[in-house]
Protein chains: 2
Amino acid sequence: MSDTSRAGNETWDRRDFLKAGAAAGLGAALGGLTVPGCAGIPKTGLAPVFDYRPIERVRVGFVGVGGMGSNHVRNFLEIEGVEVRAVCDIVEDKVARIQGWVQEAGQPKPEGYSRGKTDFKRMCERDDLDLVFTATPWEWHVPVCLAAMENGKHAATEVPAAVTIDDCWKLVETSEKTRKHCVMMENCCYDRRELMVLNMVRKGLLGELLHAEAGYLHDLRSLKFSNTGEGLWRLAHSVRRNGNLYPTHGLGPVAQRMNINRGDRFDYLVSMSSPSRGLNLYAAKQFGADHPSATKAYALGDVNVSLIRTVNGLTITLVHDCSNPRPYSRIDLTQGTRGIVRGYPDQIYIEGRSPGDAWEPLEKYAAEYEHPLWKGMQARAAGKGHGGMDFIEDYRLVETLRKGDPPDMDVYDAADWSVVCELSERSVANRSRPMDFPDFTRGRWKNRAPIGIIEA
Amino acid sequence: MSDTSRAGNETWDRRDFLKAGAAAGLGAALGGLTVPGCAGIPKTGLAPVFDYRPIERVRVGFVGVGGMGSNHVRNFLEIEGVEVRAVCDIVEDKVARIQGWVQEAGQPKPEGYSRGKTDFKRMCERDDLDLVFTATPWEWHVPVCLAAMENGKHAATEVPAAVTIDDCWKLVETSEKTRKHCVMMENCCYDRRELMVLNMVRKGLLGELLHAEAGYLHDLRSLKFSNTGEGLWRLAHSVRRNGNLYPTHGLGPVAQRMNINRGDRFDYLVSMSSPSRGLNLYAAKQFGADHPSATKAYALGDVNVSLIRTVNGLTITLVHDCSNPRPYSRIDLTQGTRGIVRGYPDQIYIEGRSPGDAWEPLEKYAAEYEHPLWKGMQARAAGKGHGGMDFIEDYRLVETLRKGDPPDMDVYDAADWSVVCELSERSVANRSRPMDFPDFTRGRWKNRAPIGIIEA
């Protein structure tokens, strides 16, 4: 990809897009999908024209290289066709550490950016980046993505992409205006069970989908009160917000199975929160009953449950529970007319196949339904972050950019999965009244093609 | 109990009640409770005065002696201090069968009532009954209970006690006016796990309660399309109603743990239903695609989920799912500040006691937390209906009447657990808008004592 790409992009029109798409094998990629009930190749019609030009070597700049950010750098250094050109973090030492890793990997030392909280803007103005990847605190995701896209770079962001409705719209509108992708890196879409169930759904094993249950149930008390890493900023959200602060790990995989924004869309939600107790109790135990962290008021109810209904009538129960002692879970239940599958423990029941009234171990179905992407990547991903899913996620981002394919998760997914944050807060604050989802696709959800089953 | 009881009841006043209560050991029974946070003996204040006179031999008439009704008769015949005096059913053969059982048990032949659908009224007018027990189709529960109470008999009914808000109020108002008990026979409150968790909650093992998840998830497709028993009437509710048709099995045990109507109360709910598919698909497979049962429209969404919030802020997720292939479950999750317990599989996690991030089998805690009622009744209940819980339920009804104790579940519980039917239907029909629970106790929920841990 030459340095003229950014300028060229501004003048692209629909014909250019179709030509480039054909050149990049875009038509073949989409035409090759065989999804039951799928509308086929999207009728782009008035759809925005995204920049699908293939990028032979993906030149990337990272913003925020703490815990998750540095994990992504490590993965990127093992993926072919990647050049890490720039690194930004408010902590100089973290930048230096990454610069060392990149050089150890045999690449030139990337430029460092550490001149304060908005130095990412200077980085985004470079003319040698294709992609800007942010793993900053939540409230910086949108400013970084906007700066990246406004400067002609594709954007990738950790979850949630945004925490307000307005910011979700800003991502969509900027992506459409600049034609640059804005990909929310929802790693749970690439975990083994989530991929396997997507494959099962596509193959019709569960029948027609009816209902799902998902969530993020993770005892984060020690992380929230830590003096390092996410502890420095994550607790503040629990102080002032009451709703689902972290919806995308559970909702992303469900949305893919239900073809959200690709034949269906989220219609409205209702949300309800339990009392807030866990953070005060934990702080009192750790720091003493009179410590400011123990006496402070936390807005966040310990358990938040939202119900989401799609335009086609499907239902989703979505849970957020991060302030209590409990085993980890994303629930991950998907139910169709022929059967039901769930996580923690991973079990399945298929009518006419499972015995009697009893769950079977999901593992029994793995040989038949393992997702080809997991099968293909398993060996390379083994031992890497979060059981391997982070590597597959990063690999797919790079691969789609290199091939000029649409990203597995696009800006509409980023906005739609993230907007649950503010919608749930509004519902909780209004006696669980229903809150409508914006239609970020502006009607195009009806004709957009579902994501395919991707091979490694 | 003499035949003057009914007439006498009409003129009872508060002083009589207190005298009779003391005579019957009522004060001792309630004073003996040691429930953390419990308000102690209820401040009856303006509360209605129920008829707590002990009944040495409980003379009972049964209405509806099909599947569940005949099970209850069988149990009653094994409980000391019971006389089965009358049996009513629209099917004469069923009456004759029960008459035979009663005689085999060494009691005189009970009078039979089979002169049409309202012949229970004639039975309720007898002057030798203390209790009328109905296990009729749902829509007959309220007429039978009202006839019983209006004629000076205590009433017991299968679940749900009523399916409309108005009928819930009729039960409450008639019970208060006549001073007769109206007990909804929620057998799941007496199952082993439910009792054990109640015991754990009372002993503080889970800490302060925050949230619960419960439901009735039971593949009833073959029952709904059966030509006998409940198949004759139960399907009709799926044709015209969309909501939670059967809330009490899941909600009853949770309500007891949360002290609903005894220090807290249900405030409002929101409810959402998935598409309706399972009944049509099943009928098409069983009877052919053109069969009227296959082409009929069923109002009931396959999966219905409601969220309930209490006045104290606790939350409950309640599921109804009876039209799809799936393993049986009542979910039965209860979460507090110190731990969490769930069913299907039965597991528990207690902070500082359970290892790492892992669930333990609930069975590990049984020796310490088995409910005394289950321990005491286990041997007698073994092999009886629904794993033994039905026998314990019937035993407790008879025991409380004989001792003159308040029933474990009173008319406010019957109304409050059942009113979810219409409230959920209204919410589903109104885009999941919140629906307020009536306060059937008219403010007395604040001072009523929680039910105790009962010994056998």
# chains A, B, ... in the order shown; residues from 1 in each chain; ligands from 1
call {"tool": "calpha_fit_and_write", "arguments": {"fixed": "chain B", "moving": "chain A", "output": "short mmCIF file (atom, residue, chain, number, x, y, z; two decimals) with C-alpha atoms, in the first residue's frame"}}
result
data_model
loop_
_atom_site.label_atom_id
_atom_site.label_comp_id
_atom_site.auth_asym_id
_atom_site.auth_seq_id
_atom_site.Cartn_x
_atom_site.Cartn_y
_atom_site.Cartn_z
CA MET A 1 -63.27 -29.13 66.21
CA SER A 2 -67.03 -28.88 66.62
CA ASP A 3 -69.56 -28.05 63.99
CA THR A 4 -70.08 -24.63 65.55
CA SER A 5 -66.72 -23.45 64.33
CA ARG A 6 -68.02 -21.80 61.19
CA ALA A 7 -70.71 -19.81 62.91
CA GLY A 8 -68.32 -18.94 65.74
CA ASN A 9 -65.78 -17.65 63.31
CA GLU A 10 -68.05 -14.91 62.04
CA THR A 11 -68.05 -13.17 65.39
CA TRP A 12 -64.41 -13.53 66.32
CA ASP A 13 -62.58 -10.36 67.15
CA ARG A 14 -59.01 -9.49 67.83
CA ARG A 15 -59.14 -10.39 71.53
CA ASP A 16 -60.58 -13.82 70.73
CA PHE A 17 -57.79 -14.32 68.24
CA LEU A 18 -55.04 -13.48 70.69
CA LYS A 19 -56.59 -15.72 73.32
CA ALA A 20 -56.96 -18.59 70.88
CA GLY A 21 -53.52 -17.98 69.54
CA ALA A 22 -51.97 -18.22 72.97
CA ALA A 23 -53.98 -21.34 73.68
CA ALA A 24 -52.74 -22.89 70.46
CA GLY A 25 -49.13 -22.11 71.23
CA LEU A 26 -49.08 -19.56 68.44
CA GLY A 27 -47.01 -17.07 70.39
CA ALA A 28 -44.45 -19.71 71.24
CA ALA A 29 -44.27 -20.90 67.67
CA LEU A 30 -43.50 -17.45 66.35
CA GLY A 31 -41.39 -16.36 69.29
CA GLY A 32 -39.19 -19.35 68.76
CA LEU A 33 -37.96 -18.10 65.42
CA THR A 34 -34.44 -16.77 65.25
CA VAL A 35 -34.16 -15.25 61.83
CA PRO A 36 -31.37 -12.72 61.20
CA GLY A 37 -32.89 -9.32 60.49
CA CYS A 38 -36.37 -10.53 61.30
CA ALA A 39 -38.83 -8.09 62.83
CA GLY A 40 -39.96 -10.61 65.44
CA ILE A 41 -43.58 -11.36 66.22
CA PRO A 42 -45.81 -9.60 63.67
CA LYS A 43 -47.46 -6.43 64.89
CA THR A 44 -50.91 -7.52 63.94
CA GLY A 45 -52.25 -3.98 64.38
CA LEU A 46 -55.01 -3.65 61.87
CA ALA A 47 -54.16 -6.99 60.34
CA PRO A 48 -57.00 -9.34 59.54
CA VAL A 49 -57.65 -11.97 62.14
CA PHE A 50 -57.36 -15.45 60.69
CA ASP A 51 -58.88 -18.53 62.17
CA TYR A 52 -56.03 -20.24 63.99
CA ARG A 53 -58.12 -22.59 66.09
CA PRO A 54 -56.46 -25.99 66.13
CA ILE A 55 -58.30 -28.81 64.37
CA GLU A 56 -57.77 -32.18 66.00
CA ARG A 57 -58.97 -34.20 63.01
CA VAL A 58 -58.89 -32.44 59.67
CA ARG A 59 -62.01 -33.30 57.66
CA VAL A 60 -61.26 -32.70 54.02
CA GLY A 61 -63.13 -32.64 50.73
CA PHE A 62 -61.23 -32.90 47.46
CA VAL A 63 -62.23 -31.20 44.21
CA GLY A 64 -60.53 -32.52 41.08
CA VAL A 65 -58.97 -35.93 41.61
CA GLY A 66 -57.09 -36.48 38.36
CA GLY A 67 -53.30 -36.68 38.29
CA MET A 68 -52.19 -34.30 41.06
CA GLY A 69 -55.47 -34.43 42.97
CA SER A 70 -55.33 -38.19 43.39
CA ASN A 71 -51.67 -37.92 44.47
CA HIS A 72 -52.72 -35.56 47.24
CA VAL A 73 -55.50 -37.95 48.33
CA ARG A 74 -52.98 -40.78 48.56
CA ASN A 75 -50.73 -38.63 50.73
CA PHE A 76 -53.59 -37.49 52.95
CA LEU A 77 -54.59 -41.11 53.58
CA GLU A 78 -51.14 -41.70 55.07
CA ILE A 79 -51.17 -38.64 57.34
CA GLU A 80 -52.51 -39.01 60.87
CA GLY A 81 -55.53 -36.96 61.94
CA VAL A 82 -57.15 -36.77 58.51
CA GLU A 83 -60.64 -37.80 57.46
CA VAL A 84 -61.51 -37.72 53.76
CA ARG A 85 -65.24 -36.92 53.90
CA ALA A 86 -66.07 -35.85 50.34
CA VAL A 87 -64.79 -36.15 46.78
CA CYS A 88 -65.81 -34.07 43.78
CA ASP A 89 -64.92 -34.54 40.13
CA ILE A 90 -66.83 -34.11 36.89
CA VAL A 91 -65.80 -37.68 36.03
CA GLU A 92 -67.79 -40.16 38.10
CA ASP A 93 -65.23 -42.94 37.67
CA LYS A 94 -62.54 -40.81 39.24
CA VAL A 95 -64.77 -40.18 42.24
CA ALA A 96 -65.48 -43.88 42.56
CA ARG A 97 -61.78 -44.69 42.42
CA ILE A 98 -61.04 -42.31 45.28
CA GLN A 99 -63.98 -43.60 47.30
CA GLY A 100 -62.42 -47.04 46.98
CA TRP A 101 -59.00 -45.81 48.15
CA VAL A 102 -60.51 -44.13 51.20
CA GLN A 103 -62.42 -47.23 52.20
CA GLU A 104 -59.31 -49.39 51.66
CA ALA A 105 -57.57 -47.04 54.09
CA GLY A 106 -60.18 -47.95 56.70
CA GLN A 107 -62.27 -44.79 56.57
CA PRO A 108 -65.99 -44.57 55.76
CA LYS A 109 -66.88 -44.08 52.10
CA PRO A 110 -66.71 -40.34 51.33
CA GLU A 111 -69.67 -38.66 49.70
CA GLY A 112 -69.29 -38.26 45.93
CA TYR A 113 -70.09 -35.10 43.93
CA SER A 114 -70.29 -35.42 40.15
CA ARG A 115 -73.31 -33.40 39.08
CA GLY A 116 -71.50 -31.12 36.64
CA LYS A 117 -68.84 -28.45 36.76
CA THR A 118 -70.18 -26.49 39.73
CA ASP A 119 -71.13 -29.39 41.97
CA PHE A 120 -68.22 -28.39 44.21
CA LYS A 121 -70.51 -25.68 45.56
CA ARG A 122 -72.86 -28.28 46.96
CA MET A 123 -69.88 -30.00 48.54
CA CYS A 124 -68.65 -26.76 50.11
CA GLU A 125 -72.06 -26.33 51.77
CA ARG A 126 -71.59 -29.48 53.88
CA ASP A 127 -71.18 -28.70 57.54
CA ASP A 128 -68.62 -31.42 58.31
CA LEU A 129 -65.57 -30.16 56.39
CA ASP A 130 -62.61 -28.18 57.71
CA LEU A 131 -60.69 -28.02 54.46
CA VAL A 132 -61.47 -28.03 50.75
CA PHE A 133 -58.56 -28.95 48.49
CA THR A 134 -58.74 -28.18 44.76
CA ALA A 135 -56.57 -29.70 42.05
CA THR A 136 -58.82 -28.71 39.16
CA PRO A 137 -57.82 -26.98 35.91
CA TRP A 138 -56.35 -23.53 36.68
CA GLU A 139 -59.47 -21.55 35.86
CA TRP A 140 -61.46 -23.37 38.56
CA HIS A 141 -59.04 -22.77 41.42
CA VAL A 142 -60.54 -19.44 42.41
CA PRO A 143 -64.23 -20.41 42.19
CA VAL A 144 -63.58 -23.47 44.38
CA CYS A 145 -61.49 -21.55 46.94
CA LEU A 146 -64.07 -18.78 47.17
CA ALA A 147 -66.90 -21.30 47.66
CA ALA A 148 -64.87 -23.07 50.33
CA MET A 149 -64.04 -19.93 52.31
CA GLU A 150 -67.52 -18.41 51.92
CA ASN A 151 -68.80 -21.62 53.47
CA GLY A 152 -66.40 -21.45 56.39
CA LYS A 153 -63.79 -23.94 55.17
CA HIS A 154 -60.09 -23.43 54.81
CA ALA A 155 -58.99 -23.67 51.18
CA ALA A 156 -55.97 -25.32 49.58
CA THR A 157 -55.28 -25.07 45.87
CA GLU A 158 -52.85 -26.40 43.34
CA VAL A 159 -50.68 -23.84 41.49
CA PRO A 160 -51.15 -21.22 40.24
CA ALA A 161 -53.84 -20.11 42.68
CA ALA A 162 -55.18 -17.64 40.12
CA VAL A 163 -54.29 -16.37 36.67
CA THR A 164 -55.61 -12.79 36.84
CA ILE A 165 -54.95 -9.81 39.08
CA ASP A 166 -58.65 -9.53 39.94
CA ASP A 167 -58.83 -13.15 40.99
CA CYS A 168 -55.76 -12.74 43.20
CA TRP A 169 -57.52 -9.89 44.99
CA LYS A 170 -60.67 -11.99 45.34
CA LEU A 171 -58.71 -14.68 47.16
CA VAL A 172 -57.13 -12.13 49.52
CA GLU A 173 -60.34 -10.28 50.25
CA THR A 174 -62.37 -13.41 50.78
CA SER A 175 -59.74 -14.92 53.04
CA GLU A 176 -59.58 -11.73 55.12
CA LYS A 177 -63.38 -11.44 55.27
CA THR A 178 -64.02 -15.07 56.19
CA ARG A 179 -60.82 -15.42 58.26
CA LYS A 180 -60.19 -18.72 56.53
CA HIS A 181 -56.79 -19.70 55.17
CA CYS A 182 -56.19 -19.94 51.47
CA VAL A 183 -53.03 -21.97 50.94
CA MET A 184 -51.43 -22.39 47.53
CA MET A 185 -49.76 -25.79 47.48
CA GLU A 186 -46.37 -24.86 46.03
CA ASN A 187 -44.64 -28.23 46.37
CA CYS A 188 -41.23 -26.96 45.20
CA CYS A 189 -40.89 -25.06 48.47
CA TYR A 190 -40.50 -28.51 50.04
CA ASP A 191 -37.94 -30.09 47.73
CA ARG A 192 -34.62 -31.04 49.18
CA ARG A 193 -32.43 -28.41 47.50
CA GLU A 194 -34.93 -25.61 47.99
CA LEU A 195 -35.24 -26.41 51.70
CA MET A 196 -31.47 -26.71 52.11
CA VAL A 197 -30.86 -23.33 50.50
CA LEU A 198 -33.53 -21.73 52.71
CA ASN A 199 -31.65 -23.13 55.68
CA MET A 200 -28.34 -21.79 54.31
CA VAL A 201 -29.85 -18.34 53.83
CA ARG A 202 -31.27 -18.28 57.36
CA LYS A 203 -27.93 -19.32 58.78
CA GLY A 204 -26.20 -16.51 56.87
CA LEU A 205 -23.98 -18.73 54.72
CA LEU A 206 -24.65 -16.63 51.60
CA GLY A 207 -24.39 -13.27 53.39
CA GLU A 208 -26.92 -10.59 52.49
CA LEU A 209 -29.07 -11.66 49.56
CA LEU A 210 -28.77 -9.68 46.30
CA HIS A 211 -30.18 -11.65 43.40
CA ALA A 212 -31.88 -14.87 42.37
CA GLU A 213 -32.72 -16.73 39.17
CA ALA A 214 -35.50 -19.26 38.95
CA GLY A 215 -38.07 -20.65 36.60
CA TYR A 216 -40.01 -23.51 35.20
CA LEU A 217 -38.23 -24.99 32.19
CA HIS A 218 -39.97 -28.22 31.33
CA ASP A 219 -40.68 -29.74 27.92
CA LEU A 220 -44.47 -30.13 28.21
CA ARG A 221 -45.19 -30.55 24.51
CA SER A 222 -46.48 -34.09 24.76
CA LEU A 223 -48.57 -33.24 27.84
CA LYS A 224 -50.05 -30.18 26.15
CA PHE A 225 -51.16 -32.24 23.14
CA SER A 226 -52.34 -35.24 25.16
CA ASN A 227 -55.97 -36.34 24.98
CA THR A 228 -56.14 -37.05 28.69
CA GLY A 229 -55.41 -35.31 31.98
CA GLU A 230 -53.93 -31.83 31.76
CA GLY A 231 -53.89 -32.17 27.97
CA LEU A 232 -57.63 -31.57 28.03
CA TRP A 233 -57.34 -27.98 29.18
CA ARG A 234 -53.74 -26.79 29.58
CA LEU A 235 -53.04 -26.09 25.90
CA ALA A 236 -55.82 -23.49 25.76
CA HIS A 237 -53.71 -21.15 27.91
CA SER A 238 -50.87 -21.35 25.35
CA VAL A 239 -53.31 -20.40 22.60
CA ARG A 240 -54.47 -17.14 24.08
CA ARG A 241 -51.89 -16.00 26.65
CA ASN A 242 -48.30 -14.74 26.21
CA GLY A 243 -46.28 -14.37 29.39
CA ASN A 244 -45.24 -16.54 32.33
CA LEU A 245 -48.07 -19.08 32.66
CA TYR A 246 -46.50 -20.98 35.53
CA PRO A 247 -44.41 -18.75 37.79
CA THR A 248 -44.77 -20.28 41.23
CA HIS A 249 -42.47 -23.34 41.13
CA GLY A 250 -39.46 -21.11 40.63
CA LEU A 251 -40.61 -18.02 42.45
CA GLY A 252 -42.03 -19.55 45.65
CA PRO A 253 -38.76 -20.82 47.12
CA VAL A 254 -36.99 -17.58 46.16
CA ALA A 255 -39.73 -15.50 47.79
CA GLN A 256 -39.35 -17.45 51.03
CA ARG A 257 -35.58 -16.88 51.06
CA MET A 258 -36.05 -13.16 50.36
CA ASN A 259 -38.76 -12.74 53.01
CA ILE A 260 -41.26 -11.47 50.48
CA ASN A 261 -44.36 -10.12 52.27
CA ARG A 262 -42.33 -10.46 55.46
CA GLY A 263 -39.92 -7.52 55.46
CA ASP A 264 -39.72 -7.01 51.71
CA ARG A 265 -42.16 -7.23 48.83
CA PHE A 266 -42.25 -7.47 45.04
CA ASP A 267 -42.23 -3.95 43.61
CA TYR A 268 -42.46 -4.31 39.81
CA LEU A 269 -41.58 -6.58 36.91
CA VAL A 270 -40.70 -6.39 33.25
CA SER A 271 -41.25 -9.35 30.93
CA MET A 272 -40.23 -10.39 27.42
CA SER A 273 -41.19 -13.36 25.22
CA SER A 274 -39.36 -15.06 22.37
CA PRO A 275 -41.15 -16.12 19.19
CA SER A 276 -43.70 -18.96 19.38
CA ARG A 277 -42.48 -21.95 17.42
CA GLY A 278 -42.32 -25.12 19.51
CA LEU A 279 -46.01 -26.04 19.65
CA ASN A 280 -46.59 -25.67 15.91
CA LEU A 281 -43.47 -27.66 15.08
CA TYR A 282 -44.38 -30.43 17.51
CA ALA A 283 -47.96 -30.69 16.28
CA ALA A 284 -46.80 -30.78 12.66
CA LYS A 285 -44.43 -33.61 13.45
CA GLN A 286 -46.99 -35.58 15.48
CA PHE A 287 -50.19 -34.98 13.55
CA GLY A 288 -49.10 -33.70 10.13
CA ALA A 289 -48.45 -30.24 8.78
CA ASP A 290 -52.11 -29.61 7.88
CA HIS A 291 -53.57 -30.66 11.23
CA PRO A 292 -55.47 -27.84 12.96
CA SER A 293 -53.08 -28.08 15.93
CA ALA A 294 -50.16 -27.52 13.56
CA THR A 295 -51.64 -24.53 11.76
CA LYS A 296 -53.24 -22.84 14.78
CA ALA A 297 -51.69 -19.63 16.14
CA TYR A 298 -50.29 -19.96 19.67
CA ALA A 299 -49.92 -16.68 21.54
CA LEU A 300 -47.38 -18.04 24.01
CA GLY A 301 -43.75 -17.20 23.22
CA ASP A 302 -41.60 -20.27 23.70
CA VAL A 303 -39.22 -18.63 26.18
CA ASN A 304 -40.52 -15.93 28.51
CA VAL A 305 -38.15 -14.08 30.85
CA SER A 306 -39.28 -11.67 33.56
CA LEU A 307 -37.16 -9.46 35.81
CA ILE A 308 -38.64 -8.72 39.23
CA ARG A 309 -37.39 -6.03 41.59
CA THR A 310 -38.27 -5.92 45.28
CA VAL A 311 -38.86 -2.76 47.30
CA ASN A 312 -35.52 -3.40 49.04
CA GLY A 313 -33.83 -3.52 45.63
CA LEU A 314 -33.22 -7.25 45.26
CA THR A 315 -33.56 -8.68 41.75
CA ILE A 316 -34.99 -11.92 40.37
CA THR A 317 -34.77 -13.37 36.86
CA LEU A 318 -37.74 -15.69 36.26
CA VAL A 319 -38.00 -17.95 33.20
CA HIS A 320 -40.89 -19.91 31.67
CA ASP A 321 -40.05 -22.38 28.90
CA CYS A 322 -42.40 -25.31 28.28
CA SER A 323 -42.68 -25.63 24.49
CA ASN A 324 -39.18 -26.63 23.46
CA PRO A 325 -36.92 -29.68 23.64
CA ARG A 326 -34.65 -29.17 26.65
CA PRO A 327 -33.68 -30.81 29.93
CA TYR A 328 -35.83 -29.99 32.95
CA SER A 329 -34.72 -27.13 35.20
CA ARG A 330 -35.96 -24.72 37.84
CA ILE A 331 -32.56 -22.92 37.71
CA ASP A 332 -32.79 -22.08 41.42
CA LEU A 333 -29.83 -19.72 41.72
CA THR A 334 -29.50 -17.56 44.83
CA GLN A 335 -26.70 -15.04 45.25
CA GLY A 336 -25.59 -13.14 48.31
CA THR A 337 -22.60 -11.05 49.33
CA ARG A 338 -20.68 -14.10 50.51
CA GLY A 339 -21.56 -16.74 47.97
CA ILE A 340 -23.85 -18.24 45.42
CA VAL A 341 -25.75 -21.49 45.00
CA ARG A 342 -27.49 -22.92 41.94
CA GLY A 343 -29.29 -26.01 40.64
CA TYR A 344 -28.99 -28.24 37.53
CA PRO A 345 -26.26 -29.18 38.39
CA ASP A 346 -26.50 -28.43 42.12
CA GLN A 347 -23.43 -26.35 42.94
CA ILE A 348 -22.23 -23.79 45.45
CA TYR A 349 -19.45 -21.26 45.83
CA ILE A 350 -18.69 -19.67 49.21
CA GLU A 351 -15.96 -17.07 49.56
CA GLY A 352 -13.11 -18.24 51.76
CA ARG A 353 -14.44 -21.77 51.82
CA SER A 354 -14.72 -22.94 48.21
CA PRO A 355 -11.38 -23.46 46.51
CA GLY A 356 -10.14 -20.91 43.95
CA ASP A 357 -12.63 -19.85 41.33
CA ALA A 358 -14.47 -23.18 41.28
CA TRP A 359 -17.96 -24.42 42.09
CA GLU A 360 -18.31 -27.21 44.65
CA PRO A 361 -21.01 -29.89 44.60
CA LEU A 362 -23.86 -28.77 46.84
CA GLU A 363 -23.87 -32.26 48.30
CA LYS A 364 -20.65 -31.41 50.16
CA TYR A 365 -22.65 -29.02 52.32
CA ALA A 366 -25.60 -31.33 52.94
CA ALA A 367 -24.43 -32.73 56.24
CA GLU A 368 -24.16 -29.23 57.67
CA TYR A 369 -27.12 -27.53 56.00
CA GLU A 370 -29.76 -30.18 55.32
CA HIS A 371 -33.09 -28.66 56.33
CA PRO A 372 -34.47 -30.20 59.53
CA LEU A 373 -37.86 -30.70 57.89
CA TRP A 374 -36.29 -32.75 55.10
CA LYS A 375 -34.16 -34.66 57.57
CA GLY A 376 -37.17 -35.50 59.71
CA MET A 377 -39.51 -36.42 56.86
CA GLN A 378 -37.07 -38.07 54.47
CA ALA A 379 -37.87 -41.64 55.42
CA ARG A 380 -41.65 -41.19 55.27
CA ALA A 381 -41.58 -39.17 52.04
CA ALA A 382 -39.25 -41.48 50.13
CA GLY A 383 -40.71 -42.88 46.92
CA LYS A 384 -43.70 -40.55 46.98
CA GLY A 385 -44.68 -37.90 44.38
CA HIS A 386 -41.96 -35.68 42.85
CA GLY A 387 -39.16 -37.12 44.92
CA GLY A 388 -41.02 -36.81 48.22
CA MET A 389 -41.71 -33.07 48.29
CA ASP A 390 -45.45 -33.51 47.67
CA PHE A 391 -45.84 -35.62 50.79
CA ILE A 392 -43.96 -33.14 52.96
CA GLU A 393 -46.09 -30.33 51.56
CA ASP A 394 -49.34 -32.16 52.37
CA TYR A 395 -48.01 -33.16 55.78
CA ARG A 396 -47.20 -29.55 56.64
CA LEU A 397 -50.64 -28.34 55.56
CA VAL A 398 -52.31 -30.88 57.83
CA GLU A 399 -49.84 -30.26 60.66
CA THR A 400 -50.34 -26.48 60.70
CA LEU A 401 -54.12 -26.91 60.70
CA ARG A 402 -53.95 -29.44 63.51
CA LYS A 403 -51.66 -27.27 65.63
CA GLY A 404 -53.41 -24.01 64.77
CA ASP A 405 -50.20 -22.58 63.34
CA PRO A 406 -50.14 -20.12 60.44
CA PRO A 407 -49.69 -21.99 57.16
CA ASP A 408 -46.15 -21.98 55.73
CA MET A 409 -47.59 -20.22 52.67
CA ASP A 410 -50.58 -17.95 53.21
CA VAL A 411 -53.07 -16.15 51.01
CA TYR A 412 -50.69 -13.22 50.43
CA ASP A 413 -48.06 -15.61 49.08
CA ALA A 414 -50.68 -17.32 46.92
CA ALA A 415 -51.72 -13.99 45.41
CA ASP A 416 -48.23 -12.54 45.07
CA TRP A 417 -46.59 -15.55 43.44
CA SER A 418 -49.57 -16.08 41.10
CA VAL A 419 -50.09 -12.48 40.05
CA VAL A 420 -46.93 -12.74 37.95
CA CYS A 421 -49.16 -14.48 35.38
CA GLU A 422 -51.17 -11.43 34.39
CA LEU A 423 -48.43 -8.89 35.18
CA SER A 424 -46.04 -10.65 32.81
CA GLU A 425 -48.72 -10.86 30.11
CA ARG A 426 -49.36 -7.13 30.44
CA SER A 427 -45.66 -6.31 30.26
CA VAL A 428 -45.11 -8.54 27.21
CA ALA A 429 -48.06 -6.90 25.48
CA ASN A 430 -46.65 -3.45 26.21
CA ARG A 431 -43.09 -3.66 24.91
CA SER A 432 -41.80 -4.98 28.27
CA ARG A 433 -42.95 -1.91 30.20
CA PRO A 434 -42.68 -2.19 34.01
CA MET A 435 -45.82 -3.40 35.81
CA ASP A 436 -46.32 -2.73 39.52
CA PHE A 437 -47.23 -5.54 41.90
CA PRO A 438 -50.30 -4.87 44.00
CA ASP A 439 -49.49 -4.78 47.71
CA PHE A 440 -51.86 -7.53 48.77
CA THR A 441 -50.81 -7.09 52.40
CA ARG A 442 -51.80 -3.41 52.30
CA GLY A 443 -48.59 -2.29 54.01
CA ARG A 444 -48.35 -5.11 56.53
CA TRP A 445 -45.41 -6.70 54.66
CA LYS A 446 -43.14 -4.40 56.64
CA ASN A 447 -43.84 -6.05 59.97
CA ARG A 448 -44.84 -9.61 59.22
CA ALA A 449 -42.38 -12.22 60.52
CA PRO A 450 -40.46 -14.39 58.04
CA ILE A 451 -41.40 -18.04 58.00
CA GLY A 452 -39.23 -20.03 60.34
CA ILE A 453 -37.09 -23.06 59.90
CA ILE A 454 -39.60 -25.77 60.62
CA GLU A 455 -38.79 -29.09 62.22
CA ALA A 456 -40.63 -32.23 61.23
#
call {"tool": "select_by_dssp", "arguments": {"residues": "range 276-403 of chain A", "states": "alpha helix (DSSP H)", "output": "number ranges by chain"}}
result
A: 278-287, 292-295, 366-369, 372-381, 389-403
call {"tool": "select_by_dssp", "arguments": {"residues": "range 218-319 of chain A", "states": "strand (DSSP E)", "output": "PyMOL selection string"}}
result
chain A and resi 266-273+303-310+315-319
